[in-house]
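Student: To be precise about what I am sending: the file is called data00.cif and holds mmCIF, C-alpha atoms; chains and numbers go by the auth columns.
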data_my_file
#
loop_
_atom_site.group_PDB
_atom_site.id
_atom_site.type_symbol
_atom_site.label_atom_id
_atom_site.label_comp_id
_atom_site.label_asym_id
_atom_site.label_seq_id
_atom_site.Cartn_x
_atom_site.Cartn_y
_atom_site.Cartn_z
_atom_site.B_iso_or_equiv
_atom_site.auth_seq_id
_atom_site.auth_asym_id
ATOM 1 C CA PRO A 1 28.278 -111.128 41.307 0.00 190 A
ATOM 2 C CA GLY A 2 30.490 -112.068 44.289 0.00 191 A
ATOM 3 C CA MET A 3 30.222 -108.591 45.817 0.00 192 A
ATOM 4 C CA GLY A 4 26.394 -108.536 45.550 0.00 193 A
ATOM 5 C CA ALA A 5 26.054 -111.945 47.186 0.00 194 A
ATOM 6 C CA ALA A 6 28.319 -110.897 50.068 0.00 195 A
ATOM 7 C CA PHE A 7 26.303 -107.711 50.547 0.00 196 A
ATOM 8 C CA LEU A 8 23.055 -109.681 50.552 0.00 197 A
ATOM 9 C CA LEU A 9 24.473 -112.096 53.135 0.00 198 A
ATOM 10 C CA LEU A 10 25.585 -109.229 55.405 0.00 199 A
ATOM 11 C CA TYR A 11 22.213 -107.515 54.984 0.00 200 A
ATOM 12 C CA ARG A 12 20.307 -110.665 55.995 0.00 201 A
ATOM 13 C CA ALA A 13 22.615 -111.174 58.995 0.00 202 A
ATOM 14 C CA SER A 14 21.990 -107.600 60.182 0.00 203 A
ATOM 15 C CA LEU A 15 18.219 -108.105 59.816 0.00 204 A
ATOM 16 C CA ALA A 16 18.412 -111.286 61.887 0.00 205 A
ATOM 17 C CA MET A 17 20.418 -109.500 64.607 0.00 206 A
ATOM 18 C CA SER A 18 17.970 -106.592 64.755 0.00 207 A
ATOM 19 C CA ALA A 19 15.059 -109.049 65.001 0.00 208 A
ATOM 20 C CA ILE A 20 16.736 -110.743 67.969 0.00 209 A
ATOM 21 C CA GLN A 21 17.488 -107.419 69.680 0.00 210 A
ATOM 22 C CA LYS A 22 14.056 -105.917 69.109 0.00 211 A
ATOM 23 C CA LYS A 23 11.352 -107.517 71.216 0.00 212 A
ATOM 24 C CA ARG A 24 7.736 -106.605 70.624 0.00 213 A
ATOM 25 C CA THR A 25 6.751 -103.762 72.943 0.00 214 A
ATOM 26 C CA PHE A 26 3.147 -103.253 73.943 0.00 215 A
ATOM 27 C CA ARG A 27 1.527 -99.873 74.340 0.00 216 A
ATOM 28 C CA LYS A 28 1.134 -99.038 78.032 0.00 217 A
ATOM 29 C CA PHE A 29 -2.444 -98.212 79.012 0.00 218 A
ATOM 30 C CA SER A 30 -3.059 -94.734 80.379 0.00 219 A
ATOM 31 C CA PHE A 31 -6.327 -92.907 80.951 0.00 220 A
ATOM 32 C CA ARG A 32 -5.871 -89.123 81.015 0.00 221 A
ATOM 33 C CA GLY A 33 -2.352 -89.456 82.379 0.00 222 A
ATOM 34 C CA LEU A 34 -3.086 -92.226 84.920 0.00 223 A
ATOM 35 C CA ASP A 35 -2.165 -95.894 84.570 0.00 224 A
ATOM 36 C CA LEU A 36 -4.543 -98.689 85.609 0.00 225 A
ATOM 37 C CA GLU A 37 -3.108 -99.059 89.122 0.00 226 A
ATOM 38 C CA GLY A 38 -3.405 -95.292 89.625 0.00 227 A
ATOM 39 C CA LEU A 39 -7.034 -95.350 88.496 0.00 228 A
ATOM 40 C CA GLN A 40 -7.874 -98.269 90.778 0.00 229 A
ATOM 41 C CA ALA A 41 -6.313 -96.463 93.745 0.00 230 A
ATOM 42 C CA LEU A 42 -8.572 -93.405 93.296 0.00 231 A
ATOM 43 C CA LYS A 43 -11.669 -92.893 95.418 0.00 232 A
ATOM 44 C CA ILE A 44 -15.004 -92.365 93.635 0.00 233 A
ATOM 45 C CA GLU A 45 -14.883 -88.575 94.179 0.00 234 A
ATOM 46 C CA GLU A 46 -11.346 -88.357 92.738 0.00 235 A
ATOM 47 C CA LEU A 47 -12.242 -90.660 89.850 0.00 236 A
ATOM 48 C CA ALA A 48 -15.216 -88.458 88.980 0.00 237 A
ATOM 49 C CA LYS A 49 -12.854 -85.516 88.374 0.00 238 A
ATOM 50 C CA VAL A 50 -10.991 -87.540 85.722 0.00 239 A
ATOM 51 C CA LEU A 51 -14.108 -88.755 83.850 0.00 240 A
ATOM 52 C CA ASN A 52 -16.314 -86.831 81.411 0.00 241 A
ATOM 53 C CA ALA A 53 -19.288 -84.673 82.455 0.00 242 A
ATOM 54 C CA ARG A 54 -22.004 -87.334 82.091 0.00 243 A
ATOM 55 C CA ALA A 55 -20.037 -89.838 84.202 0.00 244 A
ATOM 56 C CA ARG A 56 -19.211 -87.109 86.756 0.00 245 A
ATOM 57 C CA ARG A 57 -22.898 -86.324 87.128 0.00 246 A
ATOM 58 C CA ARG A 58 -23.790 -90.006 87.562 0.00 247 A
ATOM 59 C CA LEU A 59 -21.121 -90.505 90.220 0.00 248 A
ATOM 60 C CA SER A 60 -21.967 -87.270 92.056 0.00 249 A
ATOM 61 C CA ARG A 61 -25.573 -88.416 92.395 0.00 250 A
ATOM 62 C CA GLY A 62 -24.356 -91.696 93.888 0.00 251 A
ATOM 63 C CA LEU A 63 -24.434 -95.290 92.660 0.00 252 A
ATOM 64 C CA LYS A 64 -27.813 -96.893 93.290 0.00 253 A
ATOM 65 C CA HIS A 65 -28.497 -100.310 94.807 0.00 254 A
ATOM 66 C CA PRO A 66 -28.703 -102.361 91.553 0.00 255 A
ATOM 67 C CA HIS A 67 -25.357 -100.970 90.363 0.00 256 A
ATOM 68 C CA LEU A 68 -23.726 -101.625 93.735 0.00 257 A
ATOM 69 C CA ASN A 69 -25.143 -105.163 93.692 0.00 258 A
ATOM 70 C CA LEU A 70 -23.571 -105.764 90.261 0.00 259 A
ATOM 71 C CA MET A 71 -20.255 -104.372 91.516 0.00 260 A
ATOM 72 C CA LYS A 72 -20.396 -106.781 94.472 0.00 261 A
ATOM 73 C CA LYS A 73 -20.904 -109.742 92.113 0.00 262 A
ATOM 74 C CA ILE A 74 -18.044 -108.579 89.869 0.00 263 A
ATOM 75 C CA ARG A 75 -15.703 -108.205 92.864 0.00 264 A
ATOM 76 C CA LYS A 76 -16.644 -111.718 93.991 0.00 265 A
ATOM 77 C CA SER A 77 -15.966 -113.251 90.536 0.00 266 A
ATOM 78 C CA LEU A 78 -12.582 -111.488 90.324 0.00 267 A
ATOM 79 C CA ARG A 79 -11.674 -112.621 93.843 0.00 268 A
ATOM 80 C CA GLU A 80 -12.598 -116.266 93.210 0.00 269 A
ATOM 81 C CA LYS A 81 -10.772 -116.691 89.903 0.00 270 A
ATOM 82 C CA GLY A 82 -7.585 -118.737 89.779 0.00 271 A
ATOM 83 C CA ASP A 83 -4.198 -117.440 88.689 0.00 272 A
ATOM 84 C CA ALA A 84 -4.456 -118.347 84.999 0.00 273 A
ATOM 85 C CA ASP A 85 -8.233 -118.803 84.829 0.00 274 A
ATOM 86 C CA LYS A 86 -10.677 -116.310 83.473 0.00 275 A
ATOM 87 C CA PRO A 87 -13.203 -115.013 86.002 0.00 276 A
ATOM 88 C CA LYS A 88 -16.745 -116.355 86.098 0.00 277 A
ATOM 89 C CA VAL A 89 -19.193 -114.520 83.809 0.00 278 A
ATOM 90 C CA VAL A 90 -21.487 -112.118 85.670 0.00 279 A
ATOM 91 C CA ARG A 91 -24.760 -111.675 83.787 0.00 280 A
ATOM 92 C CA THR A 92 -26.687 -108.416 84.004 0.00 281 A
ATOM 93 C CA HIS A 93 -29.559 -106.449 82.512 0.00 282 A
ATOM 94 C CA ARG A 94 -27.998 -103.220 83.841 0.00 283 A
ATOM 95 C CA ARG A 95 -26.856 -101.644 80.572 0.00 284 A
ATOM 96 C CA ASP A 96 -26.720 -98.215 82.240 0.00 285 A
ATOM 97 C CA THR A 97 -23.912 -99.172 84.635 0.00 286 A
ATOM 98 C CA LEU A 98 -20.723 -97.110 84.339 0.00 287 A
ATOM 99 C CA VAL A 99 -17.527 -99.085 83.786 0.00 288 A
ATOM 100 C CA LEU A 100 -15.303 -98.368 86.792 0.00 289 A
ATOM 101 C CA PRO A 101 -11.591 -99.220 87.141 0.00 290 A
ATOM 102 C CA GLU A 102 -12.232 -102.031 89.642 0.00 291 A
ATOM 103 C CA MET A 103 -14.249 -103.884 86.952 0.00 292 A
ATOM 104 C CA VAL A 104 -11.232 -104.225 84.644 0.00 293 A
ATOM 105 C CA GLY A 105 -10.447 -107.873 83.939 0.00 294 A
ATOM 106 C CA ALA A 106 -13.971 -109.113 84.675 0.00 295 A
ATOM 107 C CA ILE A 107 -16.212 -110.794 82.107 0.00 296 A
ATOM 108 C CA VAL A 108 -19.740 -109.401 82.074 0.00 297 A
ATOM 109 C CA GLY A 109 -22.685 -110.925 80.188 0.00 298 A
ATOM 110 C CA ILE A 110 -24.601 -107.853 79.008 0.00 299 A
ATOM 111 C CA HIS A 111 -28.242 -108.384 78.044 0.00 300 A
ATOM 112 C CA TYR A 112 -29.257 -107.180 74.588 0.00 301 A
ATOM 113 C CA GLY A 113 -32.984 -107.940 74.764 0.00 302 A
ATOM 114 C CA LYS A 114 -32.826 -111.551 73.627 0.00 303 A
ATOM 115 C CA GLY A 115 -29.646 -112.987 75.096 0.00 304 A
ATOM 116 C CA TYR A 116 -26.307 -112.006 76.586 0.00 305 A
ATOM 117 C CA VAL A 117 -23.063 -110.835 75.011 0.00 306 A
ATOM 118 C CA ASN A 118 -19.971 -111.761 77.024 0.00 307 A
ATOM 119 C CA VAL A 119 -17.650 -108.761 77.196 0.00 308 A
ATOM 120 C CA GLU A 120 -14.231 -108.706 78.834 0.00 309 A
ATOM 121 C CA ILE A 121 -13.801 -105.336 80.534 0.00 310 A
ATOM 122 C CA LYS A 122 -10.602 -103.578 79.465 0.00 311 A
ATOM 123 C CA GLY A 123 -8.990 -100.363 80.694 0.00 312 A
ATOM 124 C CA GLU A 124 -10.083 -98.397 77.629 0.00 313 A
ATOM 125 C CA MET A 125 -13.733 -98.977 78.597 0.00 314 A
ATOM 126 C CA VAL A 126 -13.507 -97.011 81.870 0.00 315 A
ATOM 127 C CA GLY A 127 -16.042 -94.171 81.956 0.00 316 A
ATOM 128 C CA SER A 128 -18.413 -95.639 79.358 0.00 317 A
ATOM 129 C CA TYR A 129 -21.621 -97.609 79.879 0.00 318 A
ATOM 130 C CA LEU A 130 -21.980 -101.398 79.645 0.00 319 A
ATOM 131 C CA GLY A 131 -24.734 -101.028 77.027 0.00 320 A
ATOM 132 C CA GLU A 132 -22.265 -99.488 74.572 0.00 321 A
ATOM 133 C CA PHE A 133 -20.574 -102.877 74.171 0.00 322 A
ATOM 134 C CA SER A 134 -23.726 -104.905 73.490 0.00 323 A
ATOM 135 C CA LEU A 135 -25.863 -103.640 70.588 0.00 324 A
ATOM 136 C CA SER A 136 -29.571 -104.168 71.168 0.00 325 A
ATOM 137 C CA TYR A 137 -30.371 -103.995 67.438 0.00 326 A
ATOM 138 C CA THR A 138 -28.991 -105.397 64.209 0.00 327 A
ATOM 139 C CA PRO A 139 -27.443 -102.669 62.054 0.00 328 A
ATOM 140 C CA VAL A 140 -29.177 -102.216 58.681 0.00 329 A
ATOM 141 C CA PHE A 141 -27.125 -102.242 55.479 0.00 330 A
ATOM 142 C CA HIS A 142 -29.141 -100.339 52.875 0.00 331 A
ATOM 143 C CA GLY A 143 -28.836 -100.812 49.150 0.00 332 A
ATOM 144 C CA ARG A 144 -27.784 -104.427 49.026 0.00 333 A
ATOM 145 C CA PRO A 145 -29.991 -106.911 47.215 0.00 334 A
ATOM 146 C CA GLY A 146 -31.761 -109.413 49.366 0.00 335 A
ATOM 147 C CA MET A 147 -34.861 -109.756 51.436 0.00 336 A
ATOM 148 C CA GLY A 148 -37.144 -106.733 51.057 0.00 337 A
ATOM 149 C CA ALA A 149 -34.805 -104.512 49.025 0.00 338 A
ATOM 150 C CA THR A 150 -36.938 -104.445 45.855 0.00 339 A
ATOM 151 C CA HIS A 151 -39.604 -106.605 44.230 0.00 340 A
ATOM 152 C CA SER A 152 -37.119 -108.032 41.738 0.00 341 A
ATOM 153 C CA SER A 153 -34.747 -109.087 44.485 0.00 342 A
ATOM 154 C CA ARG A 154 -37.232 -111.584 45.901 0.00 343 A
ATOM 155 C CA PHE A 155 -35.713 -114.229 43.637 0.00 344 A
ATOM 156 C CA ILE A 156 -32.090 -113.580 44.619 0.00 345 A
ATOM 157 C CA PRO A 157 -30.972 -116.379 46.948 0.00 346 A
ATOM 158 C CA LEU A 158 -30.043 -115.240 50.442 0.00 347 A
ATOM 159 C CA LYS A 159 -26.510 -115.931 51.588 0.00 348 A
#
Show this structure as structure tokens.
Tutor:
Amino acid sequence: PGMGAAFLLLYRASLAMSAIQKKRTFRKFSFRGLDLEGLQALKIEELAKVLNARARRRLSRGLKHPHLNLMKKIRKSLREKGDADKPKVVRTHRRDTLVLPEMVGAIVGIHYGKGYVNVEIKGEMVGSYLGEFSLSYTPVFHGRPGMGATHSSRFIPLK
């Protein structure tokens, strides 16, 4: 029994030491081999080469006035935020706006037909559309009892 207790004590000590040595490491963001600073340094033409075909086509045809206006508002909210504060929410109906690297860190209120969903733009969202992050419908779950499933389920209380 003495040998087992000593082993257990040494084992716990080694676990404690490894916990102290090992700090939690976060996964570094990269988009097709480029980090966030590298993406933000690219011009629109260079960025288009990194994105997928649909985004390339959109950028090659040029960003239109409403999209540029939204970008101006986002730049302003990012510029006016404090050091530790979150930026001011920029509300928009423009669900078809591409997420560009300079938007990262902003909070955008995306319209879903009835209200707005506040979405913080992250690096992984670059190249997709704002509308992808704000569903405009409620997903249907078929087969569960409740309102309208069957005639007998009319008397099942709704949760």
Student: In Å to one decimal, how far is CA of His256 in chain A from CA of Val278 in chain A?
Tutor: 16.3 Å
Student: With the PyMOL selection byres ((chain A and resi 244) around 12) as the selection, what would be picked from this file? Answer as a ChimeraX atom specification, please.
Tutor: /A:233-234,236-243,245-252,285-289,315-318
Student: Have a look at CA of Thr327 in chain A and CA of Glu313 in chain A and let me know their distance in Å, one decimal.
Tutor: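 Atom-to-atom, CA of Thr327 in chain A to CA of Glu313 in chain A, that is 24.2 Å.
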Student: Show which residues sit within 8 Å of Val308 in chain A, as a list in words. Count all atoms listed in the file, and ignore same-chain residues fewer than 6 positions away.
Tutor: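 Listed by chain and then number, they are Ile296, Val297, Gly298, Ile299 and Phe322 of chain A.
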Student: Around the point (-14.6, -107.8, 81.5), in the coordinates given by the file, pick out the residues reaching within 8 Å, counting all atoms listed in the file, and return them as a ChimeraX atom specification.
Tutor: /A:292-297,308-311
Student: Could you work out how far CA of Lys270 in chain A lies from CA of His254 in chain A, giving the answer in Å with one decimal?
Tutor: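 Pair CA of His254 in chain A / CA of Lys270 in chain A returns 24.6 Å.
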Student: I need the residue set behind the PyMOL selection byres ((chain A and resi 265) around 12) for this file; please write it as a ChimeraX atom specification.
Tutor: /A:258-264,266-270,276-279,291-292,295-296
Student: Once you have the residues from the selection above, write them out as a PDB file, in the coordinates of the input, restricted to C-alpha atoms.
Tutor:
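Output contents, as saved in part.pdb:
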ATOM      1  CA  ASN A 258     -25.143-105.163  93.692  1.00  0.00           C
ATOM      2  CA  LEU A 259     -23.571-105.764  90.261  1.00  0.00           C
ATOM      3  CA  MET A 260     -20.255-104.372  91.516  1.00  0.00           C
ATOM      4  CA  LYS A 261     -20.396-106.781  94.472  1.00  0.00           C
ATOM      5  CA  LYS A 262     -20.904-109.742  92.113  1.00  0.00           C
ATOM      6  CA  ILE A 263     -18.044-108.579  89.869  1.00  0.00           C
ATOM      7  CA  ARG A 264     -15.703-108.205  92.864  1.00  0.00           C
ATOM      8  CA  SER A 266     -15.966-113.251  90.536  1.00  0.00           C
ATOM      9  CA  LEU A 267     -12.582-111.488  90.324  1.00  0.00           C
ATOM     10  CA  ARG A 268     -11.674-112.621  93.843  1.00  0.00           C
ATOM     11  CA  GLU A 269     -12.598-116.266  93.210  1.00  0.00           C
ATOM     12  CA  LYS A 270     -10.772-116.691  89.903  1.00  0.00           C
ATOM     13  CA  PRO A 276     -13.203-115.013  86.002  1.00  0.00           C
ATOM     14  CA  LYS A 277     -16.745-116.355  86.098  1.00  0.00           C
ATOM     15  CA  VAL A 278     -19.193-114.520  83.809  1.00  0.00           C
ATOM     16  CA  VAL A 279     -21.487-112.118  85.670  1.00  0.00           C
ATOM     17  CA  GLU A 291     -12.232-102.031  89.642  1.00  0.00           C
ATOM     18  CA  MET A 292     -14.249-103.884  86.952  1.00  0.00           C
ATOM     19  CA  ALA A 295     -13.971-109.113  84.675  1.00  0.00           C
ATOM     20  CA  ILE A 296     -16.212-110.794  82.107  1.00  0.00           C
TER      21      ILE A 296
END
Student: Using all atoms listed in the file, pick whichever of A:Ala205, A:Tyr326, A:His331, A:Glu321 has the shortest atom-to-atom distance to Gly304 in chain A.
Tutor: A:Tyr326
Student: In terms of the shortest atom-to-atom distance over all atoms listed in the file, which of A:Asp224, A:Asn307, A:Leu257, A:Leu204 is closest to Arg280 in chain A?
Tutor: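 Closest residue, counting all atoms listed in the file: A:Asn307.
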